[in-house]
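J.: Attaching a single structure in structure tokens format; questions to follow.
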Amino acid sequence: MARPTAPVAVGRGPSLISQAGDGRDIALAARGWRLKDTPAAWLLIAPVIVLFTISVLYPLIETIRLSFFNIVGLAPPSFVGPANYINLFADPAFRNTLVTTLIFTLATTTISVGLGWTLAMLCAFAPQQTLPFRVMIFAAFGISEAVSGYMWIGILRPDTGGLLNTVIGLFSPGFAHPWLGDTNTALWAIIVAACWSGVGLPLMLCFAAVQSIPKSVLEAAYMDGARPFSIMRHIMVPLSLPGVRVAIFINLLGALRAFDIIYVLTGGGPVRSTETVGYFMYRESMTQFKLGYGAAATVVLLVAVLVISIPAIIQRTAGAR
Amino acid sequence: MTTIFNGPSVGRRLVLAAASLALMTGTAPLAFGQNLSGELVILNWQGGVDGEMWDVLEAAFTEANPGVTIRELEITAQGDARGGIRTALLGGETVDIIINTWPAFRAELMQAGILRPIEEQWASFGWDEQLSQSWRDLGSIDGVPYGLTYTYGDRSGIWYKTEHMEKAGIAAPPATWEEFLASFDALKAAGYQYPVAMPGKYWAHAEWFETLLLRTAGVEVAAQLAAHEIPWTDPAVKAALMKYAEMLNAGCCGDPAVMFANDWDGEADQIFQADAKNYLLIGMWMNARALGDYDLTEGEDYSFFQFPALGMGHDDTSSVDAKELNVTTNGANPEVADAFLDFIVSKTAADILADYGYASPSSEADTSKLGPVQQTATAAVASSKVQFVLGDLLPGDLGDEYRVQLQRFLQDPSESNIDTVLAAIEAKAASLY
């Protein structure tokens with residue numbers, strides 16, 4: 001199939017490629033390069049490549065390499081091929097973490113994005129008046145998960161001194177539930193804690209998406225007699241979807257990698273009921289110091305992240321061509 | 001030597017002075033007899049009151065050795081610090097001394113070529129004068145000492161607040177298992193719903209099983225189990241869990257979910273701050289917390305009794321832990337490291353440990369400096385057959401599974417579930433040994 005010879009990708013503003021002067025250069029420009037610009041281009045992107053190699057590529061390759069070794073404690077490593085992966089999927093504790101991670105990821109993403117989107121819609125009707133409210137919610141997003149975890153320990157304390165038990169105790173005197181100790185409530189308690197700090201970003205992304213809707217569209221709707229609910233349903237909701245998609249993408253990735261808040265609140269317990277893949281990876285790698293096994297879990301998590309990320313990245317960057 | 005004595009240019013006084021100096025440096029403790037200098041790096045993972053104690057110990061050493069500076073490589077860890085220590089060492093950190101409390105980790109460090117044996121130092125410093133053979137054995141691998149124990153603790157003692165016992169009309173701490181179980185009713189009648197504080201969040205719920213195993217089956221069986229020379233499904237192990245179940249069925253601890261919500265410190269708060277519970281089986285670091293964090297008076301506001309007698313022929317047993325110092329092969333200052341080891345078993349160090357409520361195994365320790373609780377514990381350990389904490393002797397994977405399965409036992413202490421729990425631990429053990 002013939003490649004296009006016209007400088008289709010060079011039409012937007014000044015660039016090295018768009019300055020191509022002869023036919024040969026134009027053809028190369030269409031392929032992405034012009035010979036005399038190559039050294040300069042490499043020089044310009046070299047820092048990024050070096051940093052990317054050191055901070056991303058090398059650790060990634062090293063993690064994949066480690067996943068094929070049996071490394072326990074400080075003993076010398078031995079090559080075991082795919083055994084770590086085979087053992088991983090045969091390990092009931094790991095299979096349990098897959099289910100827990102799925103529940104945690106879906107629940108936190110649904111609640112955080114759903115709540116953030118709803119709040120964004122409501123805030124859009126009175127942007128100035130709701131500014132302090134939006135700032136307060138977004139501030140929670142800026143708090144580290146470890147810090148918010150310790151705060152939630154105070155809220156979820158098992159005795160009557162916990163804030164949640166105290167509030168419920170106003171209606172039911174003496175009420176005391178061990179939210180983090182009960183296998184039925186521990187994971188949901190963590191999900192609520194994660195959503196508390198996680199709702200700020202979807203709120204801001206969705207709010208920004210709503211704010212970017214052209215005023216003329218909204219004014220036209222008003223002129224045509226549309227009620228606020230109809231405007232929300234038929235204009236604001238569909239036109240804010242790009243912001244929602246970004247929020248879902250970011251939340252999914254964060255939830256898949258969740259570790260800090262689980263470490264602080266439950267340590268994966270009780271009876272491993274809150275152990276996610278991220279926590280399992282930590283436990284195997286750092287507590288048991290089975291680096292090879294932990295690396296295999298990391299690679300599995302990485303694949304899950306890539307499965308979600310790649311379509312989203314392709315979709316988000318397709319327009320850049 | 002002969003040529004020196006016969007040499008015409010060497011005066012007799014100089015020879016005598018040199019001989020005296022040689023004699024002194026050969027026999028006096030190096031920590032105080034040499035001009036030591038340089039930086040000593042200690043890998044420390046202890047914080048809180050223990051961290052403060054280490055600051056005081058280090059200050060005392062540098063005061064005696066002004067040429068030495070001490071730098072701590074601090075590892076921050078919640079619970080088990082071994083991961084952090086391994087990361088630091090694999091990451092290229094060079095230290096002279098490692099504070100260690102896990103015998104299995106000592107073996108791992110030794111096998112990795114990180115530890116220096118301290119056999120020669122033991123002889124040259126004369127540590128046999130300060131430490132008995134049993135302490136040497138505790139820090140040895142195949143008869144070669146690698147660890148110098150500087151403190152130890154009773155792990156079979158139960159802490160309580162004296163005011164609670166008085167309120168319940170319990171004149172003396174329960175001496176037998178039957179008295180112990182019977183005391184639950186008295187304490188409940190006094191308004192304490194759940195007498196035993198059971199920290200089931202991480203590992204502390206295993207303490208009860210470990211002492212019950214010693215008291216029902218003895219130290220030999222416990223040692224065999226640690227080495228997997230008997231299976232976890234052995235009737236002796238089941239008998240210990242059945243005893244544990246007696247306590248749960250007597251209403252010691254309430255809902256398992258409440259047990260899983262707290263670690264030992266949270267449960268200690270329930271006794272000493274919230275006045276909601278009564279008994280806590282935990283190590284001697286509880287003493288430092290009671291003194292430092294709760295500001296209680298040892299022996300008056302709170303006290304301690306040794307695990308009640310079961311009458312099964314093994315009531316002279318106790319579970320113990322210990323902390324030791326290991327010296328490294330690649331440390332920059334081995335001479336100072338060795339001198340610090342000598343310092344840690346000195347009277348000065350023992351007195352500092354006592355100030356913080358810790359017992360020293362050194363014969364130079366003045367036990368009268370210890371508070372009444374620590375004296376009770378020290379006497380109990382001295383008169384017991386001891387076994388190191390079981391959880392710290394197990395391979396990491398097994399220790400983890402063991403603690404999770406004991407959580408399952410707390411959820412359902414029935415005999416059939418005990419069989420299920422022990423079978424699960426045995427399955428894990430069989431895959432690891």
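Numbering starts fresh at 1 for the residues of each chain in the structure tokens, the chains themselves are lettered A, B, ... in the order given, and ligands are numbered from 1 as they appear.
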For the contact check between chain B and chain A, emit one row per residue of chain B within 6 Å, containing the shortest atom pair and the distance in Å rounded to one decimal, counting only C-alpha atoms, chain then rising number order, as a tab-separated table.
T.:
residue	atom	partner	partner_atom	distance
B:Gly83	CA	A:Met286	CA	4.8
B:Ala112	CA	A:Leu74	CA	6.0
B:Ala257	CA	A:Gly181	CA	4.4
B:Val258	CA	A:Pro178	CA	5.4
B:Phe260	CA	A:Gly181	CA	4.5
B:Ala261	CA	A:Gly181	CA	3.9
B:Gly396	CA	A:Gln288	CA	5.4
B:Val404	CA	A:Val271	CA	5.5
J.: Run DSSP on the backbone and grab whatever in stretch 108-248 of chain A lands in helix (DSSP H, G or I); send it over as a PyMOL selection string.
T.: chain A and resi 108-124+131-142+145-155+163-171+186-198+200-211+215-223+228-239+241-248
J.: Write out as an MDAnalysis selection string which residues come within 10 Å of B:Leu341 when counting only C-alpha atoms, dropping same-chain ones fewer than 6 positions away.
T.: chainID B and resid 31 97 118 121:122 125 127 147:150 324:327
J.: Would you mind listing what lies within 6 Å of A:Ile71 as a list of chain:residue names, with only C-alpha atoms counted and same-chain residues fewer than 4 positions away left out?
T.: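 What passes the distance filter is A:Pro77, A:Lys290, A:Leu291, A:Gly292.
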J.: Could you write out that same residue set with all heavy atoms as a compact mmCIF listing (two decimals), in the first residue's frame?
T.:
# COMPACT_ATOMS: atom_id res chain seq x y z
N PRO A 77 19.99 -16.07 43.64
CA PRO A 77 18.84 -16.42 42.79
C PRO A 77 19.10 -17.65 41.94
O PRO A 77 20.23 -17.94 41.57
CB PRO A 77 18.65 -15.18 41.92
CG PRO A 77 19.94 -14.43 41.98
CD PRO A 77 20.65 -14.83 43.22
N LYS A 290 10.30 -12.76 48.82
CA LYS A 290 10.37 -13.67 47.67
C LYS A 290 10.30 -12.78 46.43
O LYS A 290 9.24 -12.59 45.83
CB LYS A 290 9.19 -14.64 47.72
CG LYS A 290 9.30 -15.63 48.89
CD LYS A 290 7.98 -16.25 49.23
CE LYS A 290 7.48 -17.14 48.13
NZ LYS A 290 6.14 -17.68 48.47
N LEU A 291 11.45 -12.26 46.07
CA LEU A 291 11.48 -11.22 45.05
C LEU A 291 11.01 -11.72 43.69
O LEU A 291 10.33 -10.99 42.95
CB LEU A 291 12.88 -10.63 44.94
CG LEU A 291 13.36 -9.82 46.14
CD1 LEU A 291 14.76 -9.28 45.89
CD2 LEU A 291 12.42 -8.67 46.44
N GLY A 292 11.36 -12.94 43.34
CA GLY A 292 10.95 -13.48 42.05
C GLY A 292 9.44 -13.66 41.98
O GLY A 292 8.80 -13.28 41.00
J.: Write out as number ranges by chain the residues lying within 9 Å of A:Val244, counting only C-alpha atoms and excluding same-chain residues fewer than 5 positions away.
T.: A: 113-114, 117, 202, 205-206, 209, 249
J.: Restricting the output to C-alpha atoms, write the selected residues as an mmCIF file, in the first residue's frame.
T.:
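Now in out27.cif:
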data_model
loop_
_atom_site.group_PDB
_atom_site.id
_atom_site.type_symbol
_atom_site.label_atom_id
_atom_site.label_comp_id
_atom_site.auth_asym_id
_atom_site.auth_seq_id
_atom_site.Cartn_x
_atom_site.Cartn_y
_atom_site.Cartn_z
ATOM 1 C CA VAL A 113 -16.574 8.761 39.336
ATOM 2 C CA GLY A 114 -20.341 8.522 39.812
ATOM 3 C CA TRP A 117 -19.740 13.427 38.021
ATOM 4 C CA PRO A 202 -13.434 13.056 38.931
ATOM 5 C CA LEU A 205 -12.338 16.608 35.507
ATOM 6 C CA CYS A 206 -16.076 16.389 34.958
ATOM 7 C CA ALA A 209 -15.671 19.125 30.859
ATOM 8 C CA PHE A 249 -9.262 5.691 33.312
#
J.: How would you write, as JSON, numbers by chain, the set of residues in stretch 150-360 of chain B that DSSP gives as strand (DSSP E or B)?
T.: {"B": [150, 151, 152, 153, 154, 157, 158, 159, 160, 161, 176, 196, 279, 280, 281, 298, 302, 303, 304, 305, 306, 309, 317, 318, 319, 320, 321, 322, 323, 324, 325, 326, 327, 328, 359]}
J.: Give me a file of those residues, with N, CA and C atoms, as an mmCIF file, in the first residue's frame.
T.:
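Dumped everything to again.cif:
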data_model
loop_
_atom_site.group_PDB
_atom_site.id
_atom_site.type_symbol
_atom_site.label_atom_id
_atom_site.label_comp_id
_atom_site.auth_asym_id
_atom_site.auth_seq_id
_atom_site.Cartn_x
_atom_site.Cartn_y
_atom_site.Cartn_z
ATOM 1 N N TYR B 150 21.598 -9.105 73.985
ATOM 2 C CA TYR B 150 21.734 -8.004 74.939
ATOM 3 C C TYR B 150 20.474 -7.810 75.787
ATOM 4 N N THR B 151 19.376 -8.361 75.338
ATOM 5 C CA THR B 151 18.183 -8.321 76.189
ATOM 6 C C THR B 151 17.296 -9.500 75.827
ATOM 7 N N TYR B 152 16.449 -9.838 76.731
ATOM 8 C CA TYR B 152 15.532 -10.939 76.474
ATOM 9 C C TYR B 152 14.227 -10.635 77.184
ATOM 10 N N GLY B 153 13.216 -11.335 76.785
ATOM 11 C CA GLY B 153 11.924 -11.060 77.390
ATOM 12 C C GLY B 153 11.078 -12.303 77.549
ATOM 13 N N ASP B 154 10.301 -12.292 78.571
ATOM 14 C CA ASP B 154 9.337 -13.353 78.831
ATOM 15 C C ASP B 154 8.154 -13.143 77.894
ATOM 16 N N GLY B 157 3.982 -14.149 79.905
ATOM 17 C CA GLY B 157 3.445 -13.403 81.052
ATOM 18 C C GLY B 157 2.206 -12.621 80.666
ATOM 19 N N ILE B 158 1.304 -12.482 81.604
ATOM 20 C CA ILE B 158 0.029 -11.802 81.339
ATOM 21 C C ILE B 158 -0.022 -10.497 82.127
ATOM 22 N N TRP B 159 -0.310 -9.402 81.417
ATOM 23 C CA TRP B 159 -0.331 -8.068 82.016
ATOM 24 C C TRP B 159 -1.758 -7.720 82.445
ATOM 25 N N TYR B 160 -1.845 -6.989 83.518
ATOM 26 C CA TYR B 160 -3.168 -6.552 83.965
ATOM 27 C C TYR B 160 -3.060 -5.247 84.743
ATOM 28 N N LYS B 161 -4.193 -4.606 84.922
ATOM 29 C CA LYS B 161 -4.242 -3.381 85.702
ATOM 30 C C LYS B 161 -4.748 -3.755 87.098
ATOM 31 N N THR B 176 -3.763 -21.067 88.418
ATOM 32 C CA THR B 176 -4.043 -22.247 87.581
ATOM 33 C C THR B 176 -4.988 -21.871 86.451
ATOM 34 N N VAL B 196 -10.276 -10.826 78.309
ATOM 35 C CA VAL B 196 -8.977 -10.972 77.640
ATOM 36 C C VAL B 196 -8.912 -10.048 76.422
ATOM 37 N N TYR B 279 -6.859 -8.663 80.669
ATOM 38 C CA TYR B 279 -5.622 -9.445 80.536
ATOM 39 C C TYR B 279 -5.010 -9.292 79.140
ATOM 40 N N LEU B 280 -3.689 -9.139 79.104
ATOM 41 C CA LEU B 280 -3.002 -9.103 77.810
ATOM 42 C C LEU B 280 -1.738 -9.945 77.889
ATOM 43 N N LEU B 281 -1.670 -10.966 77.029
ATOM 44 C CA LEU B 281 -0.456 -11.790 76.939
ATOM 45 C C LEU B 281 0.426 -11.202 75.842
ATOM 46 N N GLU B 298 4.960 0.981 87.801
ATOM 47 C CA GLU B 298 5.165 -0.472 87.707
ATOM 48 C C GLU B 298 4.921 -1.131 89.060
ATOM 49 N N TYR B 302 -0.096 -1.274 87.535
ATOM 50 C CA TYR B 302 -0.219 -2.466 86.681
ATOM 51 C C TYR B 302 0.752 -3.528 87.155
ATOM 52 N N SER B 303 0.456 -4.750 86.800
ATOM 53 C CA SER B 303 1.355 -5.837 87.189
ATOM 54 C C SER B 303 1.296 -6.958 86.151
ATOM 55 N N PHE B 304 1.787 -8.107 86.534
ATOM 56 C CA PHE B 304 2.109 -9.134 85.551
ATOM 57 C C PHE B 304 2.149 -10.474 86.289
ATOM 58 N N PHE B 305 1.573 -11.493 85.712
ATOM 59 C CA PHE B 305 1.734 -12.832 86.314
ATOM 60 C C PHE B 305 2.086 -13.836 85.227
ATOM 61 N N GLN B 306 2.829 -14.854 85.638
ATOM 62 C CA GLN B 306 3.254 -15.871 84.683
ATOM 63 C C GLN B 306 2.064 -16.735 84.297
ATOM 64 N N ALA B 309 -0.823 -22.282 85.607
ATOM 65 C CA ALA B 309 -0.409 -23.688 85.483
ATOM 66 C C ALA B 309 -1.538 -24.538 84.916
ATOM 67 N N THR B 317 7.691 -24.281 81.791
ATOM 68 C CA THR B 317 8.160 -23.825 80.472
ATOM 69 C C THR B 317 7.699 -22.395 80.215
ATOM 70 N N SER B 318 8.503 -21.686 79.439
ATOM 71 C CA SER B 318 8.131 -20.322 79.051
ATOM 72 C C SER B 318 8.599 -20.053 77.626
ATOM 73 N N SER B 319 7.843 -19.234 76.966
ATOM 74 C CA SER B 319 8.244 -18.746 75.645
ATOM 75 C C SER B 319 9.054 -17.469 75.865
ATOM 76 N N VAL B 320 10.139 -17.337 75.146
ATOM 77 C CA VAL B 320 10.978 -16.137 75.310
ATOM 78 C C VAL B 320 11.355 -15.557 73.946
ATOM 79 N N ASP B 321 11.690 -14.293 73.982
ATOM 80 C CA ASP B 321 12.302 -13.686 72.806
ATOM 81 C C ASP B 321 13.624 -13.070 73.246
ATOM 82 N N ALA B 322 14.401 -12.653 72.318
ATOM 83 C CA ALA B 322 15.682 -12.033 72.660
ATOM 84 C C ALA B 322 16.090 -11.108 71.533
ATOM 85 N N LYS B 323 16.881 -10.140 71.885
ATOM 86 C CA LYS B 323 17.471 -9.276 70.860
ATOM 87 C C LYS B 323 18.981 -9.395 70.955
ATOM 88 N N GLU B 324 19.608 -9.408 69.802
ATOM 89 C CA GLU B 324 21.048 -9.613 69.770
ATOM 90 C C GLU B 324 21.691 -8.623 68.813
ATOM 91 N N LEU B 325 23.000 -8.535 68.925
ATOM 92 C CA LEU B 325 23.759 -7.725 67.973
ATOM 93 C C LEU B 325 24.587 -8.656 67.105
ATOM 94 N N ASN B 326 24.561 -8.365 65.818
ATOM 95 C CA ASN B 326 25.402 -9.095 64.864
ATOM 96 C C ASN B 326 26.402 -8.121 64.264
ATOM 97 N N VAL B 327 27.622 -8.593 64.059
ATOM 98 C CA VAL B 327 28.619 -7.736 63.404
ATOM 99 C C VAL B 327 28.828 -8.230 61.972
ATOM 100 N N THR B 328 29.114 -7.283 61.083
ATOM 101 C CA THR B 328 29.145 -7.620 59.656
ATOM 102 C C THR B 328 30.567 -7.823 59.140
ATOM 103 N N ALA B 359 15.458 -6.361 80.648
ATOM 104 C CA ALA B 359 16.415 -7.207 81.371
ATOM 105 C C ALA B 359 17.629 -7.459 80.488
#
J.: Have a look at atom CA of A:Leu164 and atom CA of A:Gly254 and let me know their distance in Å, one decimal.
T.: 26.0 Å
J.: Near stretch 220-236 of chain A, counting only C-alpha atoms, which residues have an atom at most 12 Å away, once you skip same-chain residues fewer than 6 positions from it, shown as a list in words?
T.: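 In the requested format, the answer is Trp117, Thr118, Ala120, Met121, Leu122, Cys123, Ala124, Phe125, Cys206, Phe207, Ala208, Ala209, Val210, Gln211, Ser212, Ile213, Pro214, Pro242, Gly243 and Val244 of chain A.
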